[in-house]
file final08.pdb (PDB, C-alpha atoms, pLDDT in the B column)
ATOM      1  CA  MET A   1      49.755 131.528  90.796  1.00 40.00           C
ATOM      2  CA  ASP A   2      52.875 130.200  92.534  1.00 45.00           C
ATOM      3  CA  VAL A   3      53.205 131.240  96.144  1.00 46.00           C
ATOM      4  CA  LYS A   4      56.766 131.776  97.303  1.00 49.00           C
ATOM      5  CA  ALA A   5      57.589 130.271 100.707  1.00 47.00           C
ATOM      6  CA  PRO A   6      58.403 132.793 103.437  1.00 51.00           C
ATOM      7  CA  ALA A   7      62.103 133.573 103.639  1.00 56.00           C
ATOM      8  CA  THR A   8      62.221 132.263 107.212  1.00 85.00           C
ATOM      9  CA  ILE A   9      61.293 128.692 106.246  1.00 89.00           C
ATOM     10  CA  PRO A  10      64.611 127.812 104.523  1.00 92.00           C
ATOM     11  CA  TYR A  11      66.528 129.141 107.532  1.00 92.00           C
ATOM     12  CA  PHE A  12      64.350 127.122 109.902  1.00 93.00           C
ATOM     13  CA  LEU A  13      64.906 124.003 107.793  1.00 94.00           C
ATOM     14  CA  LYS A  14      68.613 124.729 107.624  1.00 95.00           C
ATOM     15  CA  GLU A  15      68.813 124.676 111.430  1.00 93.00           C
ATOM     16  CA  GLN A  16      66.793 121.466 111.639  1.00 94.00           C
ATOM     17  CA  ILE A  17      69.017 119.696 109.108  1.00 95.00           C
ATOM     18  CA  ARG A  18      72.157 121.171 110.685  1.00 95.00           C
ATOM     19  CA  GLU A  19      71.254 119.641 114.052  1.00 95.00           C
ATOM     20  CA  LEU A  20      70.819 116.235 112.406  1.00 96.00           C
ATOM     21  CA  ILE A  21      74.239 116.596 110.778  1.00 96.00           C
ATOM     22  CA  VAL A  22      75.921 117.689 114.009  1.00 95.00           C
ATOM     23  CA  ASP A  23      74.492 114.876 116.140  1.00 94.00           C
ATOM     24  CA  GLY A  24      75.346 112.241 113.543  1.00 93.00           C
ATOM     25  CA  THR A  25      71.800 111.315 112.526  1.00 94.00           C
ATOM     26  CA  PHE A  26      72.861 112.268 109.005  1.00 94.00           C
ATOM     27  CA  ARG A  27      76.257 110.681 108.530  1.00 93.00           C
ATOM     28  CA  PRO A  28      79.381 111.732 106.554  1.00 94.00           C
ATOM     29  CA  GLY A  29      78.905 111.177 102.832  1.00 93.00           C
ATOM     30  CA  GLN A  30      75.187 110.409 103.181  1.00 94.00           C
ATOM     31  CA  PRO A  31      73.030 111.645 100.281  1.00 94.00           C
ATOM     32  CA  LEU A  32      70.421 114.258 101.156  1.00 95.00           C
ATOM     33  CA  ARG A  33      67.526 113.385  98.876  1.00 93.00           C
ATOM     34  CA  GLU A  34      65.138 116.277  98.497  1.00 92.00           C
ATOM     35  CA  GLN A  35      62.053 114.083  98.243  1.00 92.00           C
ATOM     36  CA  GLU A  36      62.885 112.317 101.506  1.00 94.00           C
ATOM     37  CA  LEU A  37      63.498 115.655 103.239  1.00 94.00           C
ATOM     38  CA  GLU A  38      60.160 116.963 101.920  1.00 93.00           C
ATOM     39  CA  GLN A  39      58.413 114.026 103.560  1.00 93.00           C
ATOM     40  CA  ARG A  40      60.401 114.316 106.769  1.00 94.00           C
ATOM     41  CA  PHE A  41      59.672 118.006 107.294  1.00 92.00           C
ATOM     42  CA  GLY A  42      56.303 118.221 105.555  1.00 91.00           C
ATOM     43  CA  THR A  43      57.252 121.001 103.191  1.00 91.00           C
ATOM     44  CA  SER A  44      57.808 121.619  99.492  1.00 90.00           C
ATOM     45  CA  ARG A  45      61.008 121.178  97.524  1.00 90.00           C
ATOM     46  CA  SER A  46      61.845 124.856  97.056  1.00 92.00           C
ATOM     47  CA  PRO A  47      62.610 125.698 100.738  1.00 93.00           C
ATOM     48  CA  ILE A  48      64.372 122.345 101.157  1.00 95.00           C
ATOM     49  CA  ARG A  49      66.661 123.145  98.258  1.00 94.00           C
ATOM     50  CA  GLU A  50      67.339 126.641  99.596  1.00 94.00           C
ATOM     51  CA  ALA A  51      68.145 125.204 103.038  1.00 95.00           C
ATOM     52  CA  LEU A  52      70.628 122.798 101.464  1.00 96.00           C
ATOM     53  CA  ARG A  53      72.235 125.672  99.573  1.00 95.00           C
ATOM     54  CA  LEU A  54      72.646 127.537 102.857  1.00 95.00           C
ATOM     55  CA  LEU A  55      74.262 124.472 104.414  1.00 96.00           C
ATOM     56  CA  GLU A  56      76.551 124.233 101.394  1.00 95.00           C
ATOM     57  CA  LEU A  57      77.688 127.799 102.049  1.00 93.00           C
ATOM     58  CA  SER A  58      78.466 126.934 105.670  1.00 92.00           C
ATOM     59  CA  GLY A  59      80.577 123.965 104.570  1.00 93.00           C
ATOM     60  CA  LEU A  60      78.482 121.177 106.099  1.00 95.00           C
ATOM     61  CA  VAL A  61      77.015 119.997 102.789  1.00 96.00           C
ATOM     62  CA  VAL A  62      78.498 119.540  99.332  1.00 95.00           C
ATOM     63  CA  HIS A  63      76.755 119.465  95.961  1.00 94.00           C
ATOM     64  CA  LEU A  64      77.989 116.999  93.344  1.00 90.00           C
ATOM     65  CA  GLN A  65      77.002 117.408  89.727  1.00 87.00           C
ATOM     66  CA  ARG A  66      74.310 114.893  88.715  1.00 83.00           C
ATOM     67  CA  LYS A  67      74.434 113.375  92.239  1.00 87.00           C
ATOM     68  CA  GLY A  68      72.851 116.096  94.317  1.00 92.00           C
ATOM     69  CA  PHE A  69      73.608 117.107  97.891  1.00 95.00           C
ATOM     70  CA  ARG A  70      75.582 115.028 100.389  1.00 95.00           C
ATOM     71  CA  ILE A  71      76.850 115.453 103.920  1.00 96.00           C
ATOM     72  CA  ARG A  72      80.439 116.621 103.736  1.00 95.00           C
ATOM     73  CA  ARG A  73      82.970 113.875 104.388  1.00 95.00           C
ATOM     74  CA  TYR A  74      86.233 115.304 105.663  1.00 95.00           C
ATOM     75  CA  THR A  75      89.664 114.001 104.824  1.00 94.00           C
ATOM     76  CA  GLU A  76      92.235 113.852 107.598  1.00 95.00           C
ATOM     77  CA  ASP A  77      94.136 116.722 105.947  1.00 96.00           C
ATOM     78  CA  GLU A  78      90.980 118.848 105.884  1.00 95.00           C
ATOM     79  CA  ILE A  79      90.382 118.253 109.584  1.00 96.00           C
ATOM     80  CA  ARG A  80      93.961 119.226 110.371  1.00 96.00           C
ATOM     81  CA  ASP A  81      93.732 122.359 108.240  1.00 96.00           C
ATOM     82  CA  ILE A  82      90.500 123.424 109.956  1.00 95.00           C
ATOM     83  CA  PHE A  83      91.894 122.899 113.452  1.00 95.00           C
ATOM     84  CA  LEU A  84      95.208 124.571 112.700  1.00 96.00           C
ATOM     85  CA  LEU A  85      93.379 127.610 111.345  1.00 96.00           C
ATOM     86  CA  ARG A  86      90.991 127.648 114.309  1.00 94.00           C
ATOM     87  CA  ALA A  87      93.932 127.513 116.699  1.00 95.00           C
ATOM     88  CA  GLU A  88      95.581 130.522 115.089  1.00 96.00           C
ATOM     89  CA  LEU A  89      92.329 132.488 114.944  1.00 95.00           C
ATOM     90  CA  ALA A  90      91.541 131.686 118.586  1.00 94.00           C
ATOM     91  CA  SER A  91      94.920 133.094 119.539  1.00 95.00           C
ATOM     92  CA  TYR A  92      94.462 136.067 117.199  1.00 96.00           C
ATOM     93  CA  SER A  93      91.042 136.855 118.690  1.00 95.00           C
ATOM     94  CA  ILE A  94      92.543 137.172 122.155  1.00 95.00           C
ATOM     95  CA  ASN A  95      95.440 139.287 120.945  1.00 95.00           C
ATOM     96  CA  GLN A  96      92.895 141.627 119.352  1.00 94.00           C
ATOM     97  CA  LEU A  97      91.727 142.447 122.883  1.00 94.00           C
ATOM     98  CA  VAL A  98      94.982 144.211 123.711  1.00 93.00           C
ATOM     99  CA  GLY A  99      94.214 147.891 124.242  1.00 87.00           C
ATOM    100  CA  GLN A 100      90.519 147.326 124.924  1.00 87.00           C
ATOM    101  CA  PRO A 101      89.596 149.747 127.725  1.00 84.00           C
ATOM    102  CA  ASP A 102      87.246 147.375 129.524  1.00 89.00           C
ATOM    103  CA  LEU A 103      86.946 143.579 129.537  1.00 93.00           C
ATOM    104  CA  VAL A 104      84.323 143.375 132.281  1.00 93.00           C
ATOM    105  CA  ARG A 105      81.498 142.332 129.953  1.00 93.00           C
ATOM    106  CA  LEU A 106      83.666 139.733 128.254  1.00 94.00           C
ATOM    107  CA  LEU A 107      84.842 138.231 131.543  1.00 93.00           C
ATOM    108  CA  ARG A 108      81.233 138.114 132.736  1.00 93.00           C
ATOM    109  CA  ALA A 109      80.258 136.331 129.518  1.00 93.00           C
ATOM    110  CA  PHE A 110      83.118 133.871 129.976  1.00 91.00           C
ATOM    111  CA  LYS A 111      81.884 133.117 133.478  1.00 90.00           C
ATOM    112  CA  GLU A 112      78.367 132.483 132.203  1.00 92.00           C
ATOM    113  CA  HIS A 113      79.607 130.237 129.363  1.00 90.00           C
ATOM    114  CA  ASP A 114      81.870 128.347 131.784  1.00 89.00           C
ATOM    115  CA  ALA A 115      78.908 127.744 134.100  1.00 90.00           C
ATOM    116  CA  ALA A 116      76.820 126.486 131.153  1.00 92.00           C
ATOM    117  CA  LEU A 117      79.626 124.135 130.151  1.00 91.00           C
ATOM    118  CA  ALA A 118      79.933 122.809 133.697  1.00 89.00           C
ATOM    119  CA  ARG A 119      76.176 122.172 133.909  1.00 92.00           C
ATOM    120  CA  ALA A 120      76.120 120.393 130.544  1.00 92.00           C
ATOM    121  CA  HIS A 121      79.149 118.316 131.515  1.00 90.00           C
ATOM    122  CA  ALA A 122      77.567 117.295 134.826  1.00 90.00           C
ATOM    123  CA  ALA A 123      74.352 116.336 133.010  1.00 92.00           C
ATOM    124  CA  ARG A 124      76.303 114.531 130.253  1.00 91.00           C
ATOM    125  CA  ASP A 125      74.301 116.614 127.767  1.00 94.00           C
ATOM    126  CA  VAL A 126      76.441 116.571 124.633  1.00 93.00           C
ATOM    127  CA  SER A 127      74.216 118.929 122.617  1.00 93.00           C
ATOM    128  CA  ALA A 128      74.164 121.543 125.368  1.00 94.00           C
ATOM    129  CA  TYR A 129      77.913 121.164 125.847  1.00 92.00           C
ATOM    130  CA  VAL A 130      78.628 121.681 122.139  1.00 92.00           C
ATOM    131  CA  ASN A 131      76.320 124.727 122.025  1.00 92.00           C
ATOM    132  CA  ALA A 132      78.025 126.251 125.076  1.00 91.00           C
ATOM    133  CA  LEU A 133      81.443 125.636 123.507  1.00 90.00           C
ATOM    134  CA  ARG A 134      80.322 127.463 120.387  1.00 92.00           C
ATOM    135  CA  GLU A 135      79.352 130.548 122.380  1.00 92.00           C
ATOM    136  CA  TYR A 136      82.539 130.416 124.421  1.00 91.00           C
ATOM    137  CA  TYR A 137      84.846 130.164 121.410  1.00 89.00           C
ATOM    138  CA  LEU A 138      83.121 133.019 119.569  1.00 93.00           C
ATOM    139  CA  ALA A 139      82.963 135.368 122.580  1.00 93.00           C
ATOM    140  CA  CYS A 140      86.362 137.024 122.067  1.00 92.00           C
ATOM    141  CA  ALA A 141      85.889 137.602 118.352  1.00 93.00           C
ATOM    142  CA  ARG A 142      82.451 139.125 118.910  1.00 93.00           C
ATOM    143  CA  TYR A 143      83.829 141.376 121.623  1.00 93.00           C
ATOM    144  CA  THR A 144      86.381 142.872 119.232  1.00 91.00           C
ATOM    145  CA  ASP A 145      83.656 143.852 116.706  1.00 88.00           C
ATOM    146  CA  ASN A 146      85.950 142.474 113.989  1.00 92.00           C
ATOM    147  CA  VAL A 147      83.291 141.373 111.498  1.00 95.00           C
ATOM    148  CA  PRO A 148      85.559 139.405 109.102  1.00 94.00           C
ATOM    149  CA  LEU A 149      87.049 137.558 112.083  1.00 95.00           C
ATOM    150  CA  VAL A 150      83.612 136.710 113.488  1.00 94.00           C
ATOM    151  CA  ASP A 151      82.337 135.554 110.079  1.00 94.00           C
ATOM    152  CA  THR A 152      85.374 133.332 109.501  1.00 94.00           C
ATOM    153  CA  LEU A 153      85.321 131.789 112.984  1.00 93.00           C
ATOM    154  CA  ASP A 154      81.577 131.263 112.774  1.00 92.00           C
ATOM    155  CA  ARG A 155      81.932 129.299 109.530  1.00 92.00           C
ATOM    156  CA  LEU A 156      84.819 127.240 110.912  1.00 93.00           C
ATOM    157  CA  THR A 157      82.818 126.524 114.051  1.00 91.00           C
ATOM    158  CA  GLU A 158      79.941 125.256 111.894  1.00 92.00           C
ATOM    159  CA  GLN A 159      82.310 122.827 110.199  1.00 93.00           C
ATOM    160  CA  VAL A 160      83.878 121.695 113.457  1.00 93.00           C
ATOM    161  CA  GLU A 161      80.673 120.952 115.346  1.00 94.00           C
ATOM    162  CA  PRO A 162      79.922 117.516 113.795  1.00 95.00           C
ATOM    163  CA  LEU A 163      83.536 116.522 114.514  1.00 94.00           C
ATOM    164  CA  ARG A 164      83.343 117.807 118.087  1.00 92.00           C
ATOM    165  CA  TYR A 165      79.980 116.156 118.746  1.00 94.00           C
ATOM    166  CA  ASN A 166      81.231 112.853 117.361  1.00 93.00           C
ATOM    167  CA  LEU A 167      84.136 112.908 119.802  1.00 92.00           C
ATOM    168  CA  LEU A 168      82.195 114.082 122.845  1.00 91.00           C
ATOM    169  CA  ARG A 169      79.307 111.654 122.528  1.00 88.00           C
ATOM    170  CA  HIS A 170      81.813 108.874 123.202  1.00 83.00           C
ATOM    171  CA  GLN A 171      84.029 110.685 125.698  1.00 84.00           C
ATOM    172  CA  LEU A 172      82.051 113.295 127.638  1.00 83.00           C
ATOM    173  CA  ALA A 173      81.024 110.828 130.331  1.00 76.00           C
ATOM    174  CA  ASP A 174      84.631 109.743 130.860  1.00 77.00           C
ATOM    175  CA  ILE A 175      86.553 113.024 130.878  1.00 76.00           C
ATOM    176  CA  ALA A 176      86.977 115.392 133.783  1.00 73.00           C
ATOM    177  CA  TYR A 177      85.736 118.944 133.334  1.00 74.00           C
ATOM    178  CA  ASP A 178      88.515 120.997 131.730  1.00 72.00           C
ATOM    179  CA  ALA A 179      89.694 124.008 133.733  1.00 72.00           C
ATOM    180  CA  TYR A 180      91.030 125.551 130.514  1.00 78.00           C
ATOM    181  CA  HIS A 181      88.081 127.942 130.176  1.00 79.00           C
ATOM    182  CA  ALA A 182      88.579 129.393 133.644  1.00 82.00           C
ATOM    183  CA  GLY A 183      92.322 129.630 132.921  1.00 87.00           C
ATOM    184  CA  VAL A 184      91.806 131.847 129.883  1.00 90.00           C
ATOM    185  CA  ALA A 185      89.464 134.143 131.807  1.00 88.00           C
ATOM    186  CA  GLU A 186      91.934 134.337 134.690  1.00 91.00           C
ATOM    187  CA  ALA A 187      94.801 135.254 132.359  1.00 93.00           C
ATOM    188  CA  LEU A 188      92.719 137.948 130.671  1.00 92.00           C
ATOM    189  CA  GLY A 189      91.609 139.315 134.001  1.00 91.00           C
ATOM    190  CA  GLN A 190      95.280 139.718 134.938  1.00 92.00           C
ATOM    191  CA  GLY A 191      96.095 141.375 131.619  1.00 92.00           C
ATOM    192  CA  GLU A 192      98.228 138.408 130.495  1.00 95.00           C
ATOM    193  CA  PHE A 193      97.059 138.364 126.896  1.00 95.00           C
ATOM    194  CA  SER A 194      99.968 136.319 125.561  1.00 95.00           C
ATOM    195  CA  ARG A 195      99.337 133.552 128.096  1.00 95.00           C
ATOM    196  CA  ALA A 196      95.612 133.566 127.364  1.00 95.00           C
ATOM    197  CA  ALA A 197      96.280 133.416 123.608  1.00 95.00           C
ATOM    198  CA  GLN A 198      98.689 130.498 124.038  1.00 95.00           C
ATOM    199  CA  LEU A 199      96.193 128.626 126.206  1.00 93.00           C
ATOM    200  CA  ALA A 200      93.509 129.085 123.546  1.00 92.00           C
ATOM    201  CA  ARG A 201      95.803 127.937 120.752  1.00 94.00           C
ATOM    202  CA  ASP A 202      97.084 124.904 122.651  1.00 93.00           C
ATOM    203  CA  HIS A 203      93.606 123.822 123.689  1.00 90.00           C
ATOM    204  CA  VAL A 204      92.387 123.624 120.092  1.00 91.00           C
ATOM    205  CA  LEU A 205      95.486 121.742 118.940  1.00 93.00           C
ATOM    206  CA  ASN A 206      95.369 119.314 121.859  1.00 90.00           C
ATOM    207  CA  MET A 207      91.979 118.082 120.648  1.00 89.00           C
ATOM    208  CA  LEU A 208      93.116 117.454 117.084  1.00 93.00           C
ATOM    209  CA  SER A 209      94.449 113.903 117.325  1.00 93.00           C
ATOM    210  CA  GLN A 210      91.401 112.731 119.303  1.00 91.00           C
ATOM    211  CA  VAL A 211      89.010 114.302 116.795  1.00 94.00           C
ATOM    212  CA  VAL A 212      90.835 112.714 113.847  1.00 94.00           C
ATOM    213  CA  HIS A 213      90.786 109.276 115.483  1.00 93.00           C
ATOM    214  CA  ALA A 214      87.090 109.443 116.432  1.00 92.00           C
ATOM    215  CA  TYR A 215      86.073 110.649 112.957  1.00 93.00           C
ATOM    216  CA  ALA A 216      88.080 107.905 111.261  1.00 92.00           C
ATOM    217  CA  GLN A 217      85.928 105.344 113.064  1.00 88.00           C
ATOM    218  CA  VAL A 218      82.742 106.961 111.761  1.00 86.00           C
ATOM    219  CA  VAL A 219      84.019 107.021 108.193  1.00 80.00           C
ATOM    220  CA  VAL A 220      84.907 103.316 108.408  1.00 64.00           C
ATOM    221  CA  ASP A 221      81.390 102.534 109.669  1.00 58.00           C
ATOM    222  CA  VAL A 222      79.821 104.555 106.853  1.00 55.00           C
ATOM    223  CA  SER A 223      81.979 102.831 104.231  1.00 51.00           C
ATOM    224  CA  ASP A 224      80.904  99.433 105.578  1.00 47.00           C
ATOM    225  CA  ASP A 225      77.239 100.428 105.419  1.00 49.00           C
ATOM    226  CA  GLU A 226      77.611 101.666 101.845  1.00 50.00           C
ATOM    227  CA  GLY A 227      79.304  98.412 100.892  1.00 40.00           C
ATOM    228  CA  GLU A 228      76.431  96.393 102.365  1.00 39.00           C
ATOM    229  CA  GLU A 229      73.920  98.537 100.476  1.00 41.00           C
ATOM    230  CA  ARG A 230      75.727  97.890  97.195  1.00 37.00           C
ATOM    231  CA  LEU A 231      75.762  94.139  97.853  1.00 28.00           C
ATOM    232  CA  ARG A 232      72.047  94.143  98.626  1.00 36.00           C
ATOM    233  CA  ALA A 233      71.421  95.962  95.342  1.00 34.00           C
ATOM    234  CA  TYR A 234      72.795  92.942  93.482  1.00 29.00           C
TER     235      TYR A 234
END

call {"tool": "encode", "arguments": {"input": "final08.pdb", "output": "structure tokens"}}
result
Amino acid sequence: MDVKAPATIPYFLKEQIRELIVDGTFRPGQPLREQELEQRFGTSRSPIREALRLLELSGLVVHLQRKGFRIRRYTEDEIRDIFLLRAELASYSINQLVGQPDLVRLLRAFKEHDAALARAHAARDVSAYVNALREYYLACARYTDNVPLVDTLDRLTEQVEPLRYNLLRHQLADIAYDAYHAGVAEALGQGEFSRAAQLARDHVLNMLSQVVHAYAQVVVDVSDDEGEERLRAY
């Protein structure tokens, strides 16, 4: 009798594979061969396949007919579209706070996220910095209890994280800590929602050109590797 794997296993595997995608261990366009993943994680094919399907839903993985799963490789236009949408939704999330009777919990959360970002920056811990950014950027949307907004931003954040990590692993040690996060909290604390929304929008857009440039270098490296592999095959 076949024994079905517990439902938690695919989600656990999804997180393990997601981390390898975000930190660049699995590179853009790289095939995700189920047999290799079985050996890597010591599990059967069924939960591996389900984990890859979950990653496909989040936008980190694509499935090509007769070729299987691959790490998503973004075009420059796709990156721009994602960041432009994120910028508008970041601004929209803050504007959704207008009329909220109490922002004390949100401002406290911002302070905690800002402290986590500062610690990660000081330690040059890119993974911790990216995780803290994720919580910071989703805080406003979660505070509004707008479920469609949270779901959309969460999916966009998933897609952005490999791009963000790729940039920060080269630059985090060289950039000063950005006071933007404290600026948004300050504006909200003073009831200046429009200023806070503009700061959020501008911050996302200001990162766009750097993200595009850093990702282009990765794609070039991957293309070179694939070319060498094809030559070796002959």

call {"tool": "resolve_selection", "arguments": {"input": "final08.pdb", "expression": "the PyMOL selection byres ((chain A and resi 14-24) around 8)", "output": "VMD selection string"}}
result
chain A and resid 10 to 13 25 to 27 51 to 52 54 to 55 60 71 127 161 to 163 165 to 166

call {"tool": "resolve_selection", "arguments": {"input": "final08.pdb", "expression": "the PyMOL selection byres ((chain A and resi 184) around 8)", "output": "PyMOL selection string"}}
result
chain A and resi 180-183+185-188+195-197+199-200

call {"tool": "closest_residue", "arguments": {"input": "final08.pdb", "among": "A:Gln159, A:Gln198, A:Thr152, A:Gln210", "to": "Gln171 in chain A", "atoms": "only C-alpha atoms"}}
result
A:Gln210

call {"tool": "resolve_selection", "arguments": {"input": "final08.pdb", "expression": "the PyMOL selection byres ((chain A and resi 89) around 9)", "output": "list in words"}}
result
Leu84, Leu85, Arg86, Ala87, Glu88, Ala90, Ser91, Tyr92, Ser93, Ile94, Ala141, Leu149, Thr152, Leu153 and Arg201 of chain A

call {"tool": "closest_residue", "arguments": {"input": "final08.pdb", "among": "A:Gly68, A:Gln30, A:Leu97, A:Ile9", "to": "Ser46 in chain A", "atoms": "all atoms listed in the file"}}
result
A:Ile9

call {"tool": "atom_distance", "arguments": {"input": "final08.pdb", "atom1": "CA of Pro47 in chain A", "atom2": "CA of Gly29 in chain A"}}
result
21.9 Å

call {"tool": "atom_distance", "arguments": {"input": "final08.pdb", "atom1": "CA of Val130 in chain A", "atom2": "CA of Arg53 in chain A"}}
result
23.8 Å

call {"tool": "closest_residue", "arguments": {"input": "final08.pdb", "among": "A:Ala173, A:Ile48, A:Val61, A:Val204", "to": "Glu36 in chain A", "atoms": "only C-alpha atoms"}}
result
A:Ile48

call {"tool": "atom_distance", "arguments": {"input": "final08.pdb", "atom1": "CA of Glu158 in chain A", "atom2": "CA of Phe41 in chain A"}}
result
22.0 Å

call {"tool": "residues_around", "arguments": {"input": "final08.pdb", "residues": "range 107-111 of chain A", "least_positions_apart": "2", "cutoff": "10 Å", "atoms": "all atoms listed in the file", "output": "MDAnalysis selection string"}}
result
chainID A and resid 102:105 113:117 135:137 139:140 181:182 184:186 188:189

call {"tool": "write_last_selection", "arguments": {"input": "final08.pdb", "atoms": "C-alpha atoms", "output": "tab-separated table (two decimals), in the coordinates of the input"}}
result
chain	number	residue	atom	x	y	z
A	102	ASP	CA	87.25	147.38	129.52
A	103	LEU	CA	86.95	143.58	129.54
A	104	VAL	CA	84.32	143.38	132.28
A	105	ARG	CA	81.50	142.33	129.95
A	113	HIS	CA	79.61	130.24	129.36
A	114	ASP	CA	81.87	128.35	131.78
A	115	ALA	CA	78.91	127.74	134.10
A	116	ALA	CA	76.82	126.49	131.15
A	117	LEU	CA	79.63	124.14	130.15
A	135	GLU	CA	79.35	130.55	122.38
A	136	TYR	CA	82.54	130.42	124.42
A	137	TYR	CA	84.85	130.16	121.41
A	139	ALA	CA	82.96	135.37	122.58
A	140	CYS	CA	86.36	137.02	122.07
A	181	HIS	CA	88.08	127.94	130.18
A	182	ALA	CA	88.58	129.39	133.64
A	184	VAL	CA	91.81	131.85	129.88
A	185	ALA	CA	89.46	134.14	131.81
A	186	GLU	CA	91.93	134.34	134.69
A	188	LEU	CA	92.72	137.95	130.67
A	189	GLY	CA	91.61	139.32	134.00

call {"tool": "axis_aligned_box", "arguments": {"input": "final08.pdb", "around": "range 80-88 of chain A", "padding_each_side": "5 Å", "output": "JSON"}}
result
{"center_x": 93.0, "center_y": 124.9, "center_z": 112.5, "size_x": 15.1, "size_y": 21.3, "size_z": 18.5}

call {"tool": "residues_around", "arguments": {"input": "final08.pdb", "residues": "Arg119 in chain A", "least_positions_apart": "6", "cutoff": "10 Å", "atoms": "all atoms listed in the file", "output": "short mmCIF file (atom, residue, chain, number, x, y, z; two decimals) with C-alpha atoms, keeping the file's coordinate frame"}}
result
data_model
loop_
_atom_site.label_atom_id
_atom_site.label_comp_id
_atom_site.auth_asym_id
_atom_site.auth_seq_id
_atom_site.Cartn_x
_atom_site.Cartn_y
_atom_site.Cartn_z
CA HIS A 113 79.61 130.24 129.36
CA ASP A 125 74.30 116.61 127.77
CA ALA A 128 74.16 121.54 125.37
CA TYR A 129 77.91 121.16 125.85
CA ALA A 132 78.03 126.25 125.08
#
